[in-house]
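Beneath this line is the structure, given in structure tokens, with notes to follow.
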There are 2 protein chains.
Amino acid sequence: MLTNPPPRPSAHLWCHACPLRQKQAFHPKSAEEVDFLAEMKMDHRRIAAGQEIIFPGQADAELFTLFSGWAFRYKVLADGRRQILNFLLPGDLMGLQASLLSVAQHGIEALTDVEVCVFPRRKVWDLFVKMPQLAYEVAWLGSREESLIDENLLSIGQRNATERIASLVISLYRRAEALGLVNDRSFVFPLSQQQLADALGLSLVHTNKTWAKLRRAGLFSFAQGRLTLENPRLTERIAAQYERDFAQRPLL
Amino acid sequence: MLTNPPPRPSAHLWCHACPLRQKQAFHPKSAEEVDFLAEMKMDHRRIAAGQEIIFPGQADAELFTLFSGWAFRYKVLADGRRQILNFLLPGDLMGLQASLLSVAQHGIEALTDVEVCVFPRRKVWDLFVKMPQLAYEVAWLGSREESLIDENLLSIGQRNATERIASLVISLYRRAEALGLVNDRSFVFPLSQQQLADALGLSLVHTNKTWAKLRRAGLFSFAQGRLTLENPRLTERIAAQYERDFAQRPLL
DNA sequence: CGTCACATTGACAGGCTTCAAACTGAGTGG
DNA sequence: CCACTCAGTTTGAAGCCTGTCAATGTGACG
């Protein structure tokens with residue numbers, strides 16, 4: 001079930017009219033750059049929620065841009081304990097680390113049904129030779145992902161359960177907002193509590209209790225898979241997180 | 001005290017005879033590539049232990065290669081809690097994230113006295129245009145750092161105190177070993193227990209007690225600033241960490 | 001109406017943090 | 001040469017935050 005050719009004209013034509021690229025969150029690109037990417041793009045796949053996009057240890061993983069839906073990167077220990085490293089939202093690059101290091105030290109799983117743009121990893125080197133501007137943007141996106149992970153590491157290493165949840169909620173809220181996915185302080189929040197727990201480094205039970213405590217405290221509410229930030233100020237204060245996301249970023 | 005011109009011929013000449021580059025840990029480079037780097041290198045600085053190499057929030061941080069000594073990346077919360085994100089050993093790139101994102105979302109501090117090679121950040125773009133091979137290696141090093149952080153995040157999120165310490169010790173041991181810094185299972189281990197605690201996401205007291213427990217258990221010993229891995233097998237088993245570092249990697 | 005995944009709640013145990021104090025070794029000045 | 005200081009290390013005790021175990025509730029689905 002990993003691939004399902006979409007009912008669209010051709011991948012090449014599709015890139016030039018990419019609706020994601022219209023969003024303010026992304027830098028505009030020159031026609032030449034879009035041409036190159038459209039040429040490089042080898043597929044547009046749909047992947048169902050819960051399916052792997054990249055398997056841990058996979059050696060030939062391609063490079064992806066998440067086109068729609070949510071995904072997450074994770075690592076597991078031998079005994080099954082799982083850590084979710086970070087969440088991926090539309091426009092995020094996936095598989096860069098695996099492409100460059102030639103092996104995936106992590107897995108990537110679709111959190112919701114997703115669509116992805118597929119770029120062959122063997123052409124990444126081409127991109128560095130022919131399109132230095134795009135190569136620079138690839139490196140930029142890699143650094144941005146590292147910055148997000150740094151923040152998660154700070155959270156899990158130093159913040160208590162309450163602060164971690166507030167921090168994660170704020171962070172996802174801001175990223176969704178940048179993509180225009182927030183309406184009236186409310187956005188689709190597709191994580192199960194088990195996934196929340198695995199991302200926060202907490203047990204399921206404690207995650208549930210702290211999550212409930214924060215809802216009762218009026219920080220946010222959750223219903224029908226949508227989260228509403230009722231009290232952004234207080235949530236930010238508890239999270240003690242002041243970093244803003246970047247105004248604009250590259251999109252491959 | 002940040003800079004101290006070393007008593008060496010010229011930075012340019014120095015690169016071609018770089019002793020670090022001789023090590024097996026690093027890919028060989030073409031003469032043309034070394035020429036480019038020697039030309040790009042703007043300084044060779046000594047920085048004393050405890051001094052900042054990059055300040056949190058700094059906007060104009062240059063790009064560095066750690067030439068000798070140890071350093072670490074960190075983030076702090078408003079109330080002073082500090083998380084050490086990862087440790088940097090000779091050959092590691094520093095400031096890539098800050099150079100690309102134009103602002104340092106983290107700090108970098110010298111753990112021991114260090115020497116660093118300084119490359120101007122305004123020439124990073126040059127490197128992407130003129131030397132795609134080097135640009136690719138820069139991106140590769142960025143991905144490797146992300147991979148190290150992923151492992152730390154897994155550790156802090158999922159492993160208990162005992163496992164975290166075993167994991168950190170093994171990881172640093174392997175990296176030191178790759179650089180030829182290990183003799184007879186023993187290597188310089190310059191971390192204070194407070195720094196250990198900040199890297200592990202544990203309190204100082206609990207770090208001390210667990211550290212002592214593992215020494216008594218015969219995993220490793222520590223004296224005169226040197227750590228000796230007495231029982232690598234057992235340490236690896238407790239760490240439940242099976243990832244190997246890469247055989248070779250780029251050096252700028 | 002049973003099944004199944006997921007969410008919720010209660011009780012209890014324990015790993016870890018906090019507080020506090022003593023110890024150690026290196027550097028310093030009398 | 002010996003107090004003295006100071007940073008870092010070590011140890012003990014008490015308590016809480018978080019994990020584990022166990023059971024119940026809930027909504028979607030066939």
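Following the order of the structure tokens, first chain is A, next is B, and so on, with residues numbered from 1 inside each chain and ligands from 1 in the order they appear.
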
Contact check, chain B to chain A, at most 7 Å, counting only C-alpha atoms, closest pairs as a tab-separated table:
```
residue	atom	partner	partner_atom	distance
B:Lys75	CA	A:Leu154	CA	6.7
B:Arg81	CA	A:Gln158	CA	6.5
B:Gln83	CA	A:Leu154	CA	5.4
B:Leu85	CA	A:Asp150	CA	6.6
B:Gln97	CA	A:Ser143	CA	5.1
B:Leu100	CA	A:Trp140	CA	5.7
B:Leu101	CA	A:Trp140	CA	6.7
B:Gln105	CA	A:Ser147	CA	7.0
B:Phe128	CA	A:Pro132	CA	5.5
B:Val129	CA	A:Pro132	CA	5.4
B:Pro132	CA	A:Val129	CA	5.4
B:Tyr136	CA	A:Phe128	CA	6.8
B:Ala139	CA	A:Ala139	CA	5.6
B:Trp140	CA	A:Leu100	CA	5.7
B:Ser143	CA	A:Gln97	CA	5.1
B:Glu146	CA	A:Glu146	CA	5.7
B:Ser147	CA	A:Gln105	CA	7.0
B:Asp150	CA	A:Leu85	CA	6.6
B:Leu153	CA	A:Leu153	CA	5.6
B:Leu154	CA	A:Gln83	CA	5.5
B:Ile156	CA	A:Gly157	CA	6.2
B:Gly157	CA	A:Gly201	CA	4.2
B:Gln158	CA	A:Gly201	CA	6.1
B:Gly201	CA	A:Gly157	CA	4.2
```

Just write the chosen residues, C-alpha atoms, as a short mmCIF file (atom, residue, chain, number, x, y, z; two decimals), in the first residue's frame.
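Dumped everything to part_19.cif:
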```cif
data_model
loop_
_atom_site.label_atom_id
_atom_site.label_comp_id
_atom_site.auth_asym_id
_atom_site.auth_seq_id
_atom_site.Cartn_x
_atom_site.Cartn_y
_atom_site.Cartn_z
CA LYS B 75 20.56 25.69 25.40
CA ARG B 81 18.22 25.19 33.63
CA GLN B 83 20.66 21.26 28.54
CA LEU B 85 22.80 19.11 23.39
CA GLN B 97 23.30 25.98 12.04
CA LEU B 100 22.76 29.07 7.74
CA LEU B 101 19.89 30.25 9.94
CA GLN B 105 19.56 29.17 18.64
CA PHE B 128 28.26 26.17 -2.40
CA VAL B 129 28.80 27.87 -5.75
CA PRO B 132 29.90 21.53 -4.61
CA TYR B 136 27.97 18.32 0.07
CA ALA B 139 25.63 19.08 4.55
CA TRP B 140 26.86 15.58 5.39
CA SER B 143 23.31 15.43 9.07
CA GLU B 146 21.64 15.64 13.72
CA SER B 147 22.07 11.89 13.98
CA ASP B 150 18.73 12.04 17.68
CA LEU B 153 17.08 12.53 22.44
CA LEU B 154 16.34 8.81 22.42
CA ILE B 156 17.05 11.21 27.52
CA GLY B 157 13.50 10.42 26.53
CA GLN B 158 13.59 6.65 26.99
CA GLY B 201 19.01 15.58 31.86
#
```

inquiry  = Could you work out which residues of chain B fall inside 9 Å of chain D? Count only C-alpha atoms (C1' of nucleotides), and format the result as an NGL selection string.
reply    = :B and (192-194 or 205 or 208-209)

Next on the checklist: Based on the backbone DSSP call, show me all residues of region 35-114 of chain A assigned alpha helix (DSSP H), as JSON, numbers by chain.
Outcome noted: {"A": [35, 36, 37, 38, 39, 40, 96, 97, 98, 99, 100, 101]}

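Within 8 Å of chain A, and using only C-alpha atoms (C1' of nucleotides), the residues found on chain C are DC6, DA7 and DT8 of chain C.
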
With C-alpha atoms (C1' of nucleotides) retained, could you export that selection as an mmCIF file, in the first residue's frame?
```
data_model
loop_
_atom_site.group_PDB
_atom_site.id
_atom_site.type_symbol
_atom_site.label_atom_id
_atom_site.label_comp_id
_atom_site.auth_asym_id
_atom_site.auth_seq_id
_atom_site.Cartn_x
_atom_site.Cartn_y
_atom_site.Cartn_z
ATOM 1 C "C1'" DC C 6 -8.057 4.520 22.637
ATOM 2 C "C1'" DA C 7 -8.994 7.451 26.687
ATOM 3 C "C1'" DT C 8 -9.656 7.851 31.633
#
```

Checklist entry - Out of region 102-147 of chain B, which residues get strand (DSSP E) from DSSP, as number ranges by chain? => result B: 107-110, 114-119

For the residues in the current selection, export all heavy atoms as a compact mmCIF listing (two decimals), in the first residue's frame.
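This is the output file out_26.txt:
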```
# COMPACT_ATOMS: atom_id res chain seq x y z
N GLY B 107 24.12 27.92 22.34
CA GLY B 107 25.46 28.40 22.60
C GLY B 107 26.46 27.30 22.37
O GLY B 107 26.09 26.11 22.33
N ILE B 108 27.72 27.66 22.17
CA ILE B 108 28.79 26.66 22.15
C ILE B 108 29.89 27.13 23.09
O ILE B 108 30.33 28.28 23.02
CB ILE B 108 29.37 26.46 20.73
CG1 ILE B 108 28.27 26.02 19.75
CG2 ILE B 108 30.50 25.44 20.77
CD1 ILE B 108 28.80 25.66 18.36
N GLU B 109 30.28 26.26 24.00
CA GLU B 109 31.28 26.62 24.99
C GLU B 109 32.46 25.65 24.91
O GLU B 109 32.28 24.46 24.67
CB GLU B 109 30.64 26.55 26.39
CG GLU B 109 31.57 26.94 27.52
CD GLU B 109 30.88 26.88 28.89
OE1 GLU B 109 29.70 27.28 28.98
OE2 GLU B 109 31.51 26.41 29.85
N ALA B 110 33.66 26.20 25.11
CA ALA B 110 34.85 25.36 25.14
C ALA B 110 34.87 24.58 26.44
O ALA B 110 34.78 25.15 27.52
CB ALA B 110 36.11 26.21 25.01
N VAL B 114 40.77 24.98 23.72
CA VAL B 114 40.61 24.46 22.36
C VAL B 114 41.34 25.34 21.35
O VAL B 114 41.68 26.49 21.64
CB VAL B 114 39.12 24.41 21.93
CG1 VAL B 114 38.30 23.54 22.87
CG2 VAL B 114 38.54 25.81 21.84
N GLU B 115 41.61 24.77 20.19
CA GLU B 115 42.02 25.54 19.03
C GLU B 115 40.96 25.35 17.95
O GLU B 115 40.47 24.22 17.77
CB GLU B 115 43.37 25.05 18.48
CG GLU B 115 44.55 25.34 19.38
CD GLU B 115 45.82 24.73 18.81
OE1 GLU B 115 46.45 25.34 17.94
OE2 GLU B 115 46.16 23.61 19.24
N VAL B 116 40.63 26.43 17.27
CA VAL B 116 39.61 26.33 16.23
C VAL B 116 40.09 26.98 14.93
O VAL B 116 40.86 27.93 14.94
CB VAL B 116 38.29 27.04 16.65
CG1 VAL B 116 37.72 26.39 17.90
CG2 VAL B 116 38.53 28.53 16.87
N CYS B 117 39.67 26.40 13.81
CA CYS B 117 39.89 27.01 12.50
C CYS B 117 38.65 27.84 12.19
O CYS B 117 37.53 27.35 12.32
CB CYS B 117 40.05 25.95 11.43
SG CYS B 117 41.31 24.71 11.82
N VAL B 118 38.85 29.08 11.80
CA VAL B 118 37.72 29.98 11.59
C VAL B 118 37.51 30.22 10.10
O VAL B 118 38.44 30.60 9.38
CB VAL B 118 37.97 31.34 12.28
CG1 VAL B 118 36.71 32.18 12.24
CG2 VAL B 118 38.45 31.13 13.70
N PHE B 119 36.29 29.99 9.66
CA PHE B 119 35.91 30.28 8.28
C PHE B 119 34.81 31.33 8.28
O PHE B 119 33.85 31.20 9.04
CB PHE B 119 35.40 29.01 7.58
CG PHE B 119 36.37 27.88 7.58
CD1 PHE B 119 36.28 26.88 8.54
CD2 PHE B 119 37.39 27.82 6.65
CE1 PHE B 119 37.18 25.82 8.55
CE2 PHE B 119 38.30 26.77 6.65
CZ PHE B 119 38.20 25.76 7.60
```

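Going from CA of Ala61 (chain A) over to CA of Pro250 (chain A), you cover 21.6 Å.
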
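If you count only C-alpha atoms (C1' of nucleotides) and ignore residues fewer than 4 places along the chain from region 19-22 of chain B, what sits within 8 Å of it is Phe26, His27, Pro28, Phe67, Pro90, Gly91 and Leu251 of chain B.
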
Taken to one decimal, the CA of Leu181 (chain B)-CA of Trp70 (chain B) distance is 12.0 Å

Taken to one decimal, the CA of Phe72 (chain B)-CA of Trp211 (chain B) distance is 20.2 Å
